[in-house]
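Structure file entry04.csv (CSV, C-alpha atoms and all ligand atoms) follows.
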```
chain,number,residue,atom,x,y,z
A,412,MET,CA,-41.6,7.0,-51.7
A,413,SER,CA,-39.4,5.5,-54.5
A,414,ASN,CA,-38.7,1.8,-54.4
A,415,GLN,CA,-36.2,0.4,-56.8
A,416,PHE,CA,-37.8,-3.0,-56.8
A,417,LEU,CA,-41.4,-1.8,-57.3
A,418,ASN,CA,-41.5,-2.6,-61.0
A,419,LEU,CA,-40.4,-6.2,-60.2
A,420,ALA,CA,-43.5,-6.7,-58.0
A,421,ASN,CA,-46.7,-8.2,-59.3
A,422,GLN,CA,-48.9,-5.6,-60.9
A,423,GLY,CA,-51.6,-5.9,-58.2
A,424,VAL,CA,-48.9,-5.6,-55.5
A,425,GLN,CA,-47.5,-2.5,-57.0
A,426,LYS,CA,-50.7,-0.6,-56.2
A,427,LEU,CA,-51.1,-2.0,-52.7
A,428,HIS,CA,-50.8,0.0,-49.5
A,429,PRO,CA,-49.8,-1.8,-46.3
A,430,TYR,CA,-52.6,-2.5,-43.8
A,431,GLN,CA,-52.9,0.3,-41.3
A,432,ALA,CA,-53.2,-1.3,-37.9
A,433,GLY,CA,-54.4,0.5,-34.7
A,434,LYS,CA,-51.6,2.4,-33.1
A,435,PRO,CA,-49.9,0.2,-30.4
A,436,THR,CA,-50.1,1.4,-26.8
A,437,ASP,CA,-46.4,1.3,-26.3
A,438,GLU,CA,-45.7,3.4,-29.4
A,439,LEU,CA,-47.9,6.3,-28.0
A,440,GLU,CA,-46.4,5.8,-24.5
A,441,ARG,CA,-42.9,6.4,-26.0
A,442,GLU,CA,-44.1,9.4,-28.0
A,443,LEU,CA,-45.9,11.1,-25.1
A,444,GLY,CA,-43.9,9.8,-22.2
A,445,ILE,CA,-47.0,8.8,-20.3
A,446,THR,CA,-48.3,5.4,-19.2
A,447,ASN,CA,-52.1,5.5,-18.7
A,448,ILE,CA,-53.0,5.1,-22.3
A,449,VAL,CA,-56.4,3.8,-23.3
A,450,LYS,CA,-56.5,1.9,-26.6
A,451,LEU,CA,-60.0,1.5,-28.2
A,452,ALA,CA,-58.6,1.1,-31.7
A,453,SER,CA,-58.5,-2.6,-32.7
A,454,ASN,CA,-61.8,-4.2,-31.4
A,455,GLU,CA,-59.9,-6.2,-28.8
A,456,ASN,CA,-61.5,-7.8,-25.8
A,457,PRO,CA,-61.3,-5.3,-22.9
A,458,LEU,CA,-61.6,-8.2,-20.3
A,459,GLY,CA,-58.0,-9.3,-20.8
A,460,LEU,CA,-56.9,-12.8,-21.2
A,461,SER,CA,-59.1,-15.4,-19.5
A,462,GLU,CA,-57.6,-17.1,-16.4
A,463,SER,CA,-58.4,-20.5,-17.9
A,464,VAL,CA,-56.3,-19.7,-21.0
A,465,LYS,CA,-53.4,-18.4,-18.8
A,466,ALA,CA,-53.3,-21.7,-16.9
A,467,ALA,CA,-53.4,-23.8,-20.1
A,468,LEU,CA,-50.7,-21.7,-21.8
A,469,GLN,CA,-48.3,-22.2,-18.9
A,470,LYS,CA,-48.5,-25.9,-19.3
A,471,GLU,CA,-48.1,-25.7,-23.0
A,472,VAL,CA,-44.9,-23.7,-22.8
A,473,ALA,CA,-42.8,-26.8,-21.9
A,474,GLU,CA,-43.8,-28.3,-25.3
A,475,LEU,CA,-42.7,-25.5,-27.5
A,476,THR,CA,-39.6,-27.3,-28.9
A,477,ARG,CA,-42.1,-29.5,-30.8
A,478,TYR,CA,-43.9,-28.5,-33.9
A,479,PRO,CA,-47.7,-28.0,-33.4
A,480,ASP,CA,-50.2,-30.5,-34.6
A,481,SER,CA,-50.4,-29.6,-38.2
A,482,ASN,CA,-54.0,-30.7,-38.4
A,483,GLY,CA,-55.1,-29.0,-35.2
A,484,TYR,CA,-57.1,-32.1,-34.4
A,485,TYR,CA,-58.3,-31.2,-30.9
A,486,LEU,CA,-59.4,-27.7,-31.8
A,487,LYS,CA,-61.1,-28.9,-35.0
A,488,GLN,CA,-62.9,-31.6,-33.0
A,489,ALA,CA,-64.1,-29.0,-30.5
A,490,LEU,CA,-65.4,-26.7,-33.2
A,491,ALA,CA,-67.0,-29.6,-35.1
A,492,LYS,CA,-68.8,-30.6,-32.0
A,493,LYS,CA,-69.9,-27.1,-31.1
A,494,TYR,CA,-71.3,-26.3,-34.5
A,495,SER,CA,-72.6,-29.8,-35.4
A,496,VAL,CA,-70.4,-30.2,-38.5
A,497,GLU,CA,-67.9,-32.8,-39.6
A,498,LEU,CA,-64.2,-32.4,-38.7
A,499,ASN,CA,-63.3,-32.2,-42.4
A,500,GLN,CA,-65.4,-29.1,-42.8
A,501,VAL,CA,-63.2,-27.1,-40.5
A,502,THR,CA,-60.1,-25.2,-41.7
A,503,LEU,CA,-57.9,-23.4,-39.2
A,504,GLY,CA,-56.0,-20.1,-39.9
A,505,ASN,CA,-53.4,-17.8,-38.4
A,506,GLY,CA,-56.2,-15.5,-37.5
A,507,SER,CA,-59.2,-15.5,-39.8
A,508,ASN,CA,-57.3,-13.1,-42.1
A,509,ASP,CA,-55.1,-16.0,-43.0
A,510,LEU,CA,-58.2,-17.9,-44.2
A,511,LEU,CA,-59.5,-14.9,-46.2
A,512,GLU,CA,-56.2,-15.0,-48.0
A,513,ILE,CA,-56.0,-18.7,-48.4
A,514,ILE,CA,-59.5,-18.8,-49.9
A,515,ALA,CA,-58.6,-16.1,-52.4
A,516,ARG,CA,-55.3,-17.7,-53.3
A,517,ALA,CA,-56.8,-21.1,-53.7
A,518,PHE,CA,-59.7,-20.0,-55.9
A,519,VAL,CA,-59.2,-16.7,-57.5
A,520,ALA,CA,-57.2,-16.2,-60.8
A,521,PRO,CA,-56.0,-12.8,-62.1
A,522,SER,CA,-58.8,-12.9,-64.7
A,523,ASN,CA,-61.5,-13.2,-62.0
A,524,GLU,CA,-63.6,-10.6,-60.3
A,525,VAL,CA,-64.1,-10.4,-56.5
A,526,ILE,CA,-67.1,-8.5,-55.2
A,527,PHE,CA,-67.3,-6.7,-51.8
A,528,ALA,CA,-69.0,-3.6,-50.4
A,529,GLU,CA,-67.9,-0.1,-50.0
A,530,HIS,CA,-66.8,0.6,-46.4
A,531,ALA,CA,-66.2,-3.2,-45.9
A,532,PHE,CA,-63.2,-4.8,-44.3
A,533,VAL,CA,-59.9,-3.6,-45.8
A,534,VAL,CA,-58.4,-7.1,-46.0
A,535,TYR,CA,-60.8,-7.9,-48.9
A,536,PRO,CA,-59.2,-5.4,-51.4
A,537,ILE,CA,-55.8,-6.4,-50.1
A,538,VAL,CA,-56.1,-10.1,-50.9
A,539,THR,CA,-57.9,-9.4,-54.2
A,540,GLN,CA,-55.2,-7.0,-55.4
A,541,ALA,CA,-52.3,-9.2,-54.3
A,542,ILE,CA,-53.5,-11.8,-56.7
A,543,GLY,CA,-54.0,-9.3,-59.4
A,544,ALA,CA,-57.8,-10.0,-59.7
A,545,LYS,CA,-60.4,-7.3,-60.3
A,546,ALA,CA,-62.0,-5.8,-57.2
A,547,VAL,CA,-65.7,-4.9,-57.8
A,548,VAL,CA,-66.7,-2.5,-55.0
A,549,VAL,CA,-70.4,-2.2,-54.6
A,550,LYS,CA,-71.7,1.1,-53.3
A,551,ALA,CA,-72.9,0.9,-49.7
A,552,LYS,CA,-76.5,1.4,-48.6
A,553,ASN,CA,-76.9,3.1,-45.3
A,554,TYR,CA,-73.2,2.4,-44.7
A,555,GLY,CA,-73.8,-1.4,-45.0
A,556,HIS,CA,-74.0,-4.0,-47.7
A,557,ASP,CA,-76.4,-3.5,-50.5
A,558,LEU,CA,-77.1,-7.1,-51.2
A,559,ASP,CA,-79.4,-6.5,-54.2
A,560,ALA,CA,-76.7,-4.4,-55.9
A,561,MET,CA,-74.1,-7.1,-55.0
A,562,ALA,CA,-76.2,-9.8,-56.6
A,563,GLU,CA,-76.6,-7.6,-59.7
A,564,ALA,CA,-72.8,-7.1,-59.9
A,565,ILE,CA,-72.2,-10.8,-60.5
A,566,THR,CA,-70.8,-11.5,-64.0
A,567,GLU,CA,-69.4,-14.7,-65.6
A,568,ASN,CA,-66.0,-13.7,-64.3
A,569,THR,CA,-67.1,-13.4,-60.6
A,570,LYS,CA,-65.4,-16.1,-58.5
A,571,LEU,CA,-65.7,-14.8,-54.9
A,572,ILE,CA,-67.9,-12.5,-52.9
A,573,PHE,CA,-66.9,-11.2,-49.4
A,574,ILE,CA,-69.6,-10.2,-46.9
A,575,ALA,CA,-68.8,-9.1,-43.4
A,576,ASN,CA,-71.7,-9.5,-41.0
A,577,PRO,CA,-71.6,-7.5,-38.7
A,578,ASN,CA,-69.4,-5.3,-40.9
A,579,ASN,CA,-66.2,-3.7,-39.8
A,580,PRO,CA,-65.7,-0.7,-39.5
A,581,THR,CA,-69.4,0.3,-39.8
A,582,GLY,CA,-71.0,-2.3,-37.5
A,583,THR,CA,-73.9,-2.7,-39.9
A,584,PHE,CA,-75.8,-5.9,-39.8
A,585,LEU,CA,-77.7,-8.0,-42.4
A,586,GLU,CA,-80.8,-9.9,-41.3
A,587,LYS,CA,-80.8,-13.7,-41.9
A,588,THR,CA,-83.7,-13.5,-44.3
A,589,GLU,CA,-81.8,-10.9,-46.4
A,590,LEU,CA,-78.7,-13.0,-46.5
A,591,TYR,CA,-80.7,-16.2,-47.3
A,592,THR,CA,-82.4,-14.5,-50.2
A,593,PHE,CA,-79.1,-13.2,-51.5
A,594,LEU,CA,-77.6,-16.8,-51.4
A,595,THR,CA,-80.4,-18.0,-53.5
A,596,LYS,CA,-79.4,-15.5,-56.2
A,597,VAL,CA,-75.7,-16.5,-56.3
A,598,PRO,CA,-74.7,-19.1,-58.9
A,599,SER,CA,-73.3,-22.3,-57.4
A,600,ASP,CA,-69.9,-21.7,-59.0
A,601,VAL,CA,-69.4,-18.4,-57.2
A,602,LEU,CA,-68.0,-18.7,-53.7
A,603,VAL,CA,-69.5,-16.5,-50.9
A,604,VAL,CA,-67.3,-15.9,-47.8
A,605,LEU,CA,-69.5,-14.8,-44.9
A,606,ASP,CA,-67.0,-13.2,-42.5
A,607,GLU,CA,-68.6,-13.4,-39.0
A,608,ALA,CA,-65.7,-12.1,-37.0
A,609,TYR,CA,-68.2,-10.4,-34.6
A,610,PHE,CA,-70.8,-13.1,-34.6
A,611,GLU,CA,-70.7,-13.7,-30.8
A,612,TYR,CA,-71.6,-10.0,-30.2
A,613,ALA,CA,-74.6,-9.9,-32.6
A,614,ASP,CA,-78.1,-10.3,-31.2
A,615,ASN,CA,-78.9,-13.9,-30.4
A,616,GLU,CA,-82.3,-13.9,-32.0
A,617,ARG,CA,-81.4,-12.0,-35.1
A,618,ARG,CA,-78.0,-13.5,-36.1
A,619,GLY,CA,-79.3,-16.9,-37.4
A,620,ASN,CA,-77.1,-19.8,-38.1
A,621,ALA,CA,-75.3,-19.5,-41.4
A,622,ILE,CA,-73.4,-22.7,-40.8
A,623,ALA,CA,-76.6,-24.7,-41.1
A,624,TRP,CA,-77.1,-23.2,-44.6
A,625,ILE,CA,-73.9,-24.9,-46.0
A,626,ALA,CA,-75.9,-28.0,-46.7
A,627,GLU,CA,-78.2,-26.0,-49.0
A,628,PHE,CA,-75.5,-23.7,-50.4
A,629,PRO,CA,-72.2,-25.6,-50.7
A,630,ASN,CA,-70.6,-22.5,-52.2
A,631,LEU,CA,-70.9,-20.7,-48.8
A,632,ILE,CA,-67.9,-20.4,-46.5
A,633,VAL,CA,-68.4,-19.1,-43.0
A,634,SER,CA,-65.3,-17.6,-41.2
A,635,ARG,CA,-65.0,-16.7,-37.6
A,636,THR,CA,-62.2,-15.8,-35.2
A,637,PHE,CA,-60.9,-16.1,-31.7
A,638,SER,CA,-59.5,-12.6,-31.8
A,639,LYS,CA,-62.6,-10.6,-30.7
A,640,ALA,CA,-65.1,-12.1,-28.3
A,641,TYR,CA,-62.7,-14.9,-27.2
A,642,GLY,CA,-60.0,-12.4,-26.5
A,643,LEU,CA,-57.0,-14.1,-28.2
A,644,ALA,CA,-56.1,-11.5,-30.8
A,645,GLY,CA,-52.3,-11.7,-30.0
A,646,LEU,CA,-52.2,-15.4,-30.6
A,647,ARG,CA,-53.7,-15.4,-34.1
A,648,VAL,CA,-56.3,-18.1,-34.6
A,649,GLY,CA,-59.4,-18.2,-36.7
A,650,TYR,CA,-61.4,-20.8,-38.6
A,651,SER,CA,-63.7,-21.4,-41.5
A,652,ILE,CA,-66.5,-23.9,-41.9
A,653,SER,CA,-67.4,-25.0,-45.4
A,654,HIS,CA,-68.3,-27.9,-47.5
A,655,ALA,CA,-65.6,-30.6,-46.9
A,656,ASP,CA,-64.5,-30.4,-50.6
A,657,ILE,CA,-63.8,-26.7,-50.1
A,658,ALA,CA,-61.9,-27.4,-46.9
A,659,ASN,CA,-59.9,-30.0,-48.7
A,660,ILE,CA,-58.7,-27.4,-51.3
A,661,LEU,CA,-57.9,-24.8,-48.6
A,662,ASN,CA,-55.9,-27.4,-46.8
A,663,ARG,CA,-53.7,-27.8,-49.9
A,664,VAL,CA,-52.8,-24.1,-49.9
A,665,ARG,CA,-52.3,-23.3,-46.3
A,666,GLN,CA,-48.9,-23.4,-44.6
A,667,PRO,CA,-48.5,-26.7,-42.8
A,668,PHE,CA,-48.1,-25.1,-39.4
A,669,ASN,CA,-50.2,-22.0,-39.8
A,670,CYS,CA,-51.6,-22.3,-36.3
A,671,ASN,CA,-49.0,-22.3,-33.6
A,672,ALA,CA,-49.1,-24.6,-30.5
A,673,LEU,CA,-50.0,-21.9,-28.0
A,674,ALA,CA,-52.8,-20.6,-30.2
A,675,LEU,CA,-54.3,-24.1,-30.7
A,676,LYS,CA,-54.2,-24.7,-26.9
A,677,ALA,CA,-55.7,-21.3,-26.0
A,678,ALA,CA,-58.5,-21.6,-28.6
A,679,GLU,CA,-59.4,-25.1,-27.4
A,680,THR,CA,-59.5,-23.9,-23.8
A,681,ILE,CA,-61.5,-20.7,-24.4
A,682,LEU,CA,-64.2,-22.5,-26.3
A,683,GLN,CA,-65.1,-24.3,-23.1
A,684,ASP,CA,-65.0,-21.0,-21.1
A,685,GLU,CA,-68.6,-19.9,-21.5
A,686,ASP,CA,-68.4,-17.5,-18.5
A,687,TYR,CA,-65.7,-15.5,-20.2
A,688,LEU,CA,-67.7,-15.2,-23.4
A,689,ALA,CA,-70.8,-14.2,-21.6
A,690,ALA,CA,-69.0,-11.6,-19.4
A,691,GLY,CA,-67.4,-10.1,-22.5
A,692,VAL,CA,-70.7,-9.8,-24.3
A,693,ALA,CA,-72.5,-8.3,-21.3
A,694,LEU,CA,-69.7,-5.8,-20.8
A,695,ASN,CA,-69.9,-4.9,-24.5
A,696,ASN,CA,-73.7,-4.4,-24.4
A,697,ALA,CA,-73.4,-2.1,-21.4
A,698,GLY,CA,-70.6,-0.1,-22.9
A,699,MET,CA,-72.4,0.2,-26.3
A,700,LYS,CA,-75.5,1.5,-24.6
A,701,ASP,CA,-73.4,4.0,-22.6
A,702,LEU,CA,-71.4,5.4,-25.6
A,703,CYS,CA,-74.5,5.6,-27.8
A,704,ALA,CA,-76.4,7.5,-25.1
A,705,PHE,CA,-73.4,9.8,-24.9
A,706,PHE,CA,-73.4,10.4,-28.6
A,707,THR,CA,-77.1,11.0,-28.7
A,708,LYS,CA,-76.9,13.5,-25.9
A,709,HIS,CA,-74.3,15.5,-27.8
A,710,ASN,CA,-76.0,15.2,-31.2
A,711,LEU,CA,-73.2,13.2,-32.6
A,712,GLU,CA,-74.5,10.9,-35.3
A,713,TYR,CA,-73.4,7.3,-35.0
A,714,ILE,CA,-74.0,4.2,-37.0
A,715,PRO,CA,-76.0,1.6,-34.9
A,716,SER,CA,-73.6,-1.3,-34.5
A,717,MET,CA,-73.9,-5.1,-33.8
A,718,GLY,CA,-70.1,-5.4,-33.1
A,719,ASN,CA,-67.8,-4.5,-30.2
A,720,PHE,CA,-67.2,-1.0,-31.7
A,721,VAL,CA,-69.2,1.9,-32.8
A,722,THR,CA,-68.5,4.4,-35.6
A,723,VAL,CA,-69.4,8.0,-35.0
A,724,ASN,CA,-69.4,11.1,-37.2
A,725,VAL,CA,-67.2,13.6,-35.4
A,726,GLY,CA,-67.1,15.9,-38.5
A,727,SER,CA,-70.7,17.0,-38.0
A,728,THR,CA,-70.0,19.2,-35.0
A,729,CYS,CA,-69.9,22.9,-35.2
A,730,ASP,CA,-66.1,23.1,-35.7
A,731,LYS,CA,-66.3,20.6,-38.6
A,732,LYS,CA,-63.0,18.8,-37.9
A,733,THR,CA,-62.0,15.7,-39.9
A,734,GLY,CA,-61.8,12.3,-38.3
A,735,ASP,CA,-58.0,12.4,-38.6
A,736,GLU,CA,-57.8,15.7,-36.8
A,737,VAL,CA,-60.0,14.5,-33.9
A,738,TYR,CA,-58.0,11.2,-33.8
A,739,GLN,CA,-54.7,13.2,-33.4
A,740,GLN,CA,-56.2,15.4,-30.7
A,741,LEU,CA,-57.5,12.3,-28.8
A,742,LEU,CA,-54.0,10.8,-29.0
A,743,GLN,CA,-52.7,13.9,-27.1
A,744,GLU,CA,-55.3,13.0,-24.4
A,745,GLY,CA,-53.8,9.5,-24.2
A,746,VAL,CA,-56.8,7.8,-26.0
A,747,ILE,CA,-56.2,5.8,-29.2
A,748,VAL,CA,-59.2,5.2,-31.5
A,749,ARG,CA,-59.4,4.4,-35.2
A,750,PRO,CA,-59.6,7.0,-38.0
A,751,ILE,CA,-61.3,5.4,-41.0
A,752,THR,CA,-60.5,7.8,-43.8
A,753,GLY,CA,-59.0,4.8,-45.7
A,754,TYR,CA,-62.5,3.2,-45.6
A,755,GLY,CA,-64.0,6.2,-47.4
A,756,LEU,CA,-65.3,7.7,-44.1
A,757,PRO,CA,-63.2,10.8,-43.4
A,758,LYS,CA,-65.5,12.3,-40.9
A,759,HIS,CA,-66.0,9.2,-38.8
A,760,LEU,CA,-64.0,7.6,-36.0
A,761,ARG,CA,-64.4,3.9,-35.0
A,762,ILE,CA,-64.4,3.4,-31.2
A,763,SER,CA,-63.9,-0.1,-29.7
A,764,ILE,CA,-66.1,-0.6,-26.7
A,765,GLY,CA,-63.8,-0.8,-23.6
A,766,THR,CA,-64.3,-1.3,-19.9
A,767,GLU,CA,-66.5,1.2,-18.0
A,768,ALA,CA,-63.3,3.1,-17.0
A,769,GLU,CA,-61.9,3.1,-20.5
A,770,ASN,CA,-65.2,4.3,-22.0
A,771,GLN,CA,-65.3,7.1,-19.4
A,772,ARG,CA,-61.8,8.2,-20.4
A,773,PHE,CA,-62.8,8.3,-24.0
A,774,LYS,CA,-65.9,10.3,-23.3
A,775,GLN,CA,-63.9,12.8,-21.2
A,776,ALA,CA,-61.3,13.1,-23.9
A,777,LEU,CA,-63.9,13.6,-26.7
A,778,THR,CA,-65.7,16.2,-24.6
A,779,SER,CA,-62.6,18.2,-24.3
A,780,VAL,CA,-61.4,17.8,-27.9
A,781,LEU,CA,-64.8,18.7,-29.4
A,782,ASN,CA,-65.7,21.3,-26.7
A,783,LEU,CA,-68.9,19.4,-25.9
A,784,GLN,CA,-71.1,21.0,-23.3
B,801,LIG,C1,-61.0,-8.5,-36.8
B,801,LIG,C2,-61.6,-9.0,-38.1
B,801,LIG,C3,-61.3,-10.2,-38.6
B,801,LIG,C4,-60.4,-11.2,-37.9
B,801,LIG,O1,-59.1,-10.9,-37.8
B,801,LIG,P1,-58.2,-12.1,-37.2
B,801,LIG,O2,-57.6,-11.5,-36.0
B,801,LIG,O3,-57.2,-12.3,-38.3
B,801,LIG,O4,-59.0,-13.3,-37.0
B,801,LIG,C5,-61.9,-10.6,-39.7
B,801,LIG,N1,-62.8,-9.9,-40.4
B,801,LIG,C6,-63.2,-8.7,-39.9
B,801,LIG,C7,-64.3,-8.0,-40.5
B,801,LIG,C8,-62.6,-8.2,-38.7
B,801,LIG,O5,-63.0,-7.0,-38.3
```
Rewritten as structure tokens:
Amino acid sequence: MSNQFLNLANQGVQKLHPYQAGKPTDELERELGITNIVKLASNENPLGLSESVKAALQKEVAELTRYPDSNGYYLKQALAKKYSVELNQVTLGNGSNDLLEIIARAFVAPSNEVIFAEHAFVVYPIVTQAIGAKAVVVKAKNYGHDLDAMAEAITENTKLIFIANPNNPTGTFLEKTELYTFLTKVPSDVLVVLDEAYFEYADNERRGNAIAWIAEFPNLIVSRTFSKAYGLAGLRVGYSISHADIANILNRVRQPFNCNALALKAAETILQDEDYLAAGVALNNAGMKDLCAFFTKHNLEYIPSMGNFVTVNVGSTCDKKTGDEVYQQLLQEGVIVRPITGYGLPKHLRISIGTEAENQRFKQALTSVLNLQ
């Protein structure tokens, strides 16, 4: 499409493509004229909003003529307490995407290089390119991060390394010992962002505690979100935990009111709601087991996942369809999943784990679309 202002845009921006979000349910409803759509496309929490958050938000509504607390004091305090860090190590964001962008904008110059993995989260190339910096994409190993190759890709121009653990869209997971060894190889003037958006879903024993490593590796920034396991995707709130001097710099760049009042209140409330978190994780574990067993039964190769989604190769069936084709056919059945051709995986689809009923609808729809027996 021609755009008369394109040559006015920054060079990096000229080559950007807008982020492709999961198709919204109402859009498909309008297109198909049906209402019982199942959306398993954006790794949202299938439990719905927690009752504790609903009650807290009702109270907060009356205060909406006021600006929110620009420092997010109460939420930062709750996070600092939960993770045993100082308040000045916490930075809040309008979703953790906001933080990924703030970090890049605060530290990366156009002459710098930013390292991330093939098939890693698409926001990393977007924020890198928007600045005009050089993206160094390291080839994946078994669909996940090849940390040895990533360490070898560091040059004197490297400023930032993004690592998603678990990774989206592949669900691959890095063991704590691998990550620790990697950190020992990174020079102290190269920042490492460990994006733990799915931390709460990862196995308790294996996931480790990267926040505790910040004392030893002050160049490490850990980011997490309230969008996934805490079920607040629509409110947009995430956070990073870092050395206080890094948080101080991020704080200079962020917009003064980047977290709105409802988001702050909801996040503060859900942090106390341990039952909600546990119920969501249990539902996810059961659904993951169910879908993986279904894929195994039908010889559909999937990538073992530590997140709240699973990525499956639908192009390996006898009719050899592409992921995009199967995605389109599933839409006709009222089921929205995520094609990931843009991540370099044209035969795969990413399925968010839903409720038992939603997973059932997906399995039926896929059975019909792929003619599974
Ligand atoms: C979902 C996701 C995020 C978080 O998104 P926000 O809603 O902006 O907090 C961050 N990183 C990865 C890898 C994700 O999948």
Worksheet item: To one decimal place, how far is atom CA of Leu468 of chain A from atom CA of Phe668 of chain A in Å?
Response: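 That distance, rounded to one decimal, is 18.1 Å.
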Worksheet item: Expressed in Å to a single decimal, how great is the separation between atom CA of Gln488 of chain A and atom CA of Val648 of chain A?
Response: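 Atom CA of Gln488 of chain A sits 15.1 Å away from atom CA of Val648 of chain A.
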Discussion item. I want to know what sits within 9 Å of segment 490-494 of chain A, based on only C-alpha atoms, with residues of the same chain fewer than 4 positions away left out; could you give that as a PyMOL selection string?
Written reply: chain A and resi 485-486+498-501+622-623+650+652+679+682
Now that the selection is made, can you save its residues with C-alpha atoms as a JSON list (two decimals), in the frame of the given file?
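In the end it all went to part-v4.json:
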```json
[["chain", "number", "residue", "atom", "x", "y", "z"],
["A", 485, "TYR", "CA", -58.30, -31.20, -30.90],
["A", 486, "LEU", "CA", -59.40, -27.70, -31.80],
["A", 498, "LEU", "CA", -64.20, -32.40, -38.70],
["A", 499, "ASN", "CA", -63.30, -32.20, -42.40],
["A", 500, "GLN", "CA", -65.40, -29.10, -42.80],
["A", 501, "VAL", "CA", -63.20, -27.10, -40.50],
["A", 622, "ILE", "CA", -73.40, -22.70, -40.80],
["A", 623, "ALA", "CA", -76.60, -24.70, -41.10],
["A", 650, "TYR", "CA", -61.40, -20.80, -38.60],
["A", 652, "ILE", "CA", -66.50, -23.90, -41.90],
["A", 679, "GLU", "CA", -59.40, -25.10, -27.40],
["A", 682, "LEU", "CA", -64.20, -22.50, -26.30]]
```
Within 10 Å of segment 569-574 of chain A, counting all atoms listed in the file, which residues qualify if same-chain residues fewer than 2 places away don't, as a PDB file with C-alpha atoms, in the frame of the given file?
```pdb
ATOM      1  CA  LEU A 511     -59.500 -14.900 -46.200  1.00  0.00           C
ATOM      2  CA  ILE A 514     -59.500 -18.800 -49.900  1.00  0.00           C
ATOM      3  CA  ALA A 515     -58.600 -16.100 -52.400  1.00  0.00           C
ATOM      4  CA  PHE A 518     -59.700 -20.000 -55.900  1.00  0.00           C
ATOM      5  CA  VAL A 519     -59.200 -16.700 -57.500  1.00  0.00           C
ATOM      6  CA  ALA A 520     -57.200 -16.200 -60.800  1.00  0.00           C
ATOM      7  CA  SER A 522     -58.800 -12.900 -64.700  1.00  0.00           C
ATOM      8  CA  ASN A 523     -61.500 -13.200 -62.000  1.00  0.00           C
ATOM      9  CA  GLU A 524     -63.600 -10.600 -60.300  1.00  0.00           C
ATOM     10  CA  VAL A 525     -64.100 -10.400 -56.500  1.00  0.00           C
ATOM     11  CA  ILE A 526     -67.100  -8.500 -55.200  1.00  0.00           C
ATOM     12  CA  PHE A 527     -67.300  -6.700 -51.800  1.00  0.00           C
ATOM     13  CA  ALA A 528     -69.000  -3.600 -50.400  1.00  0.00           C
ATOM     14  CA  ALA A 531     -66.200  -3.200 -45.900  1.00  0.00           C
ATOM     15  CA  PHE A 532     -63.200  -4.800 -44.300  1.00  0.00           C
ATOM     16  CA  TYR A 535     -60.800  -7.900 -48.900  1.00  0.00           C
ATOM     17  CA  PRO A 536     -59.200  -5.400 -51.400  1.00  0.00           C
ATOM     18  CA  THR A 539     -57.900  -9.400 -54.200  1.00  0.00           C
ATOM     19  CA  ALA A 544     -57.800 -10.000 -59.700  1.00  0.00           C
ATOM     20  CA  LYS A 545     -60.400  -7.300 -60.300  1.00  0.00           C
ATOM     21  CA  ALA A 546     -62.000  -5.800 -57.200  1.00  0.00           C
ATOM     22  CA  VAL A 547     -65.700  -4.900 -57.800  1.00  0.00           C
ATOM     23  CA  GLY A 555     -73.800  -1.400 -45.000  1.00  0.00           C
ATOM     24  CA  HIS A 556     -74.000  -4.000 -47.700  1.00  0.00           C
ATOM     25  CA  LEU A 558     -77.100  -7.100 -51.200  1.00  0.00           C
ATOM     26  CA  MET A 561     -74.100  -7.100 -55.000  1.00  0.00           C
ATOM     27  CA  ALA A 562     -76.200  -9.800 -56.600  1.00  0.00           C
ATOM     28  CA  ALA A 564     -72.800  -7.100 -59.900  1.00  0.00           C
ATOM     29  CA  ILE A 565     -72.200 -10.800 -60.500  1.00  0.00           C
ATOM     30  CA  THR A 566     -70.800 -11.500 -64.000  1.00  0.00           C
ATOM     31  CA  GLU A 567     -69.400 -14.700 -65.600  1.00  0.00           C
ATOM     32  CA  ASN A 576     -71.700  -9.500 -41.000  1.00  0.00           C
ATOM     33  CA  PRO A 577     -71.600  -7.500 -38.700  1.00  0.00           C
ATOM     34  CA  ASN A 578     -69.400  -5.300 -40.900  1.00  0.00           C
ATOM     35  CA  LEU A 585     -77.700  -8.000 -42.400  1.00  0.00           C
ATOM     36  CA  LEU A 590     -78.700 -13.000 -46.500  1.00  0.00           C
ATOM     37  CA  VAL A 597     -75.700 -16.500 -56.300  1.00  0.00           C
ATOM     38  CA  PRO A 598     -74.700 -19.100 -58.900  1.00  0.00           C
ATOM     39  CA  ASP A 600     -69.900 -21.700 -59.000  1.00  0.00           C
ATOM     40  CA  VAL A 601     -69.400 -18.400 -57.200  1.00  0.00           C
ATOM     41  CA  LEU A 602     -68.000 -18.700 -53.700  1.00  0.00           C
ATOM     42  CA  VAL A 603     -69.500 -16.500 -50.900  1.00  0.00           C
ATOM     43  CA  VAL A 604     -67.300 -15.900 -47.800  1.00  0.00           C
ATOM     44  CA  LEU A 605     -69.500 -14.800 -44.900  1.00  0.00           C
ATOM     45  CA  ASP A 606     -67.000 -13.200 -42.500  1.00  0.00           C
ATOM     46  CA  GLU A 607     -68.600 -13.400 -39.000  1.00  0.00           C
ATOM     47  CA  ASN A 630     -70.600 -22.500 -52.200  1.00  0.00           C
ATOM     48  CA  LEU A 631     -70.900 -20.700 -48.800  1.00  0.00           C
ATOM     49  CA  ILE A 632     -67.900 -20.400 -46.500  1.00  0.00           C
ATOM     50  CA  VAL A 633     -68.400 -19.100 -43.000  1.00  0.00           C
TER      51      VAL A 633
END
```
Worksheet item: Which residues sit within 9 Å of ligand LIG 801 (chain B), counting only C-alpha atoms and all ligand atoms, listed as a PyMOL selection string?
Response: chain A and resi 453-455+504-511+531-535+574-580+606-609+634-639+643-650+718
Item to complete: Could you tell me how far atom CA of Lys731 of chain A lies from atom CA of Ile764 of chain A, in Å and to one decimal?
Response: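 So the two atoms, atom CA of Lys731 of chain A and atom CA of Ile764 of chain A, lie 24.3 Å apart.
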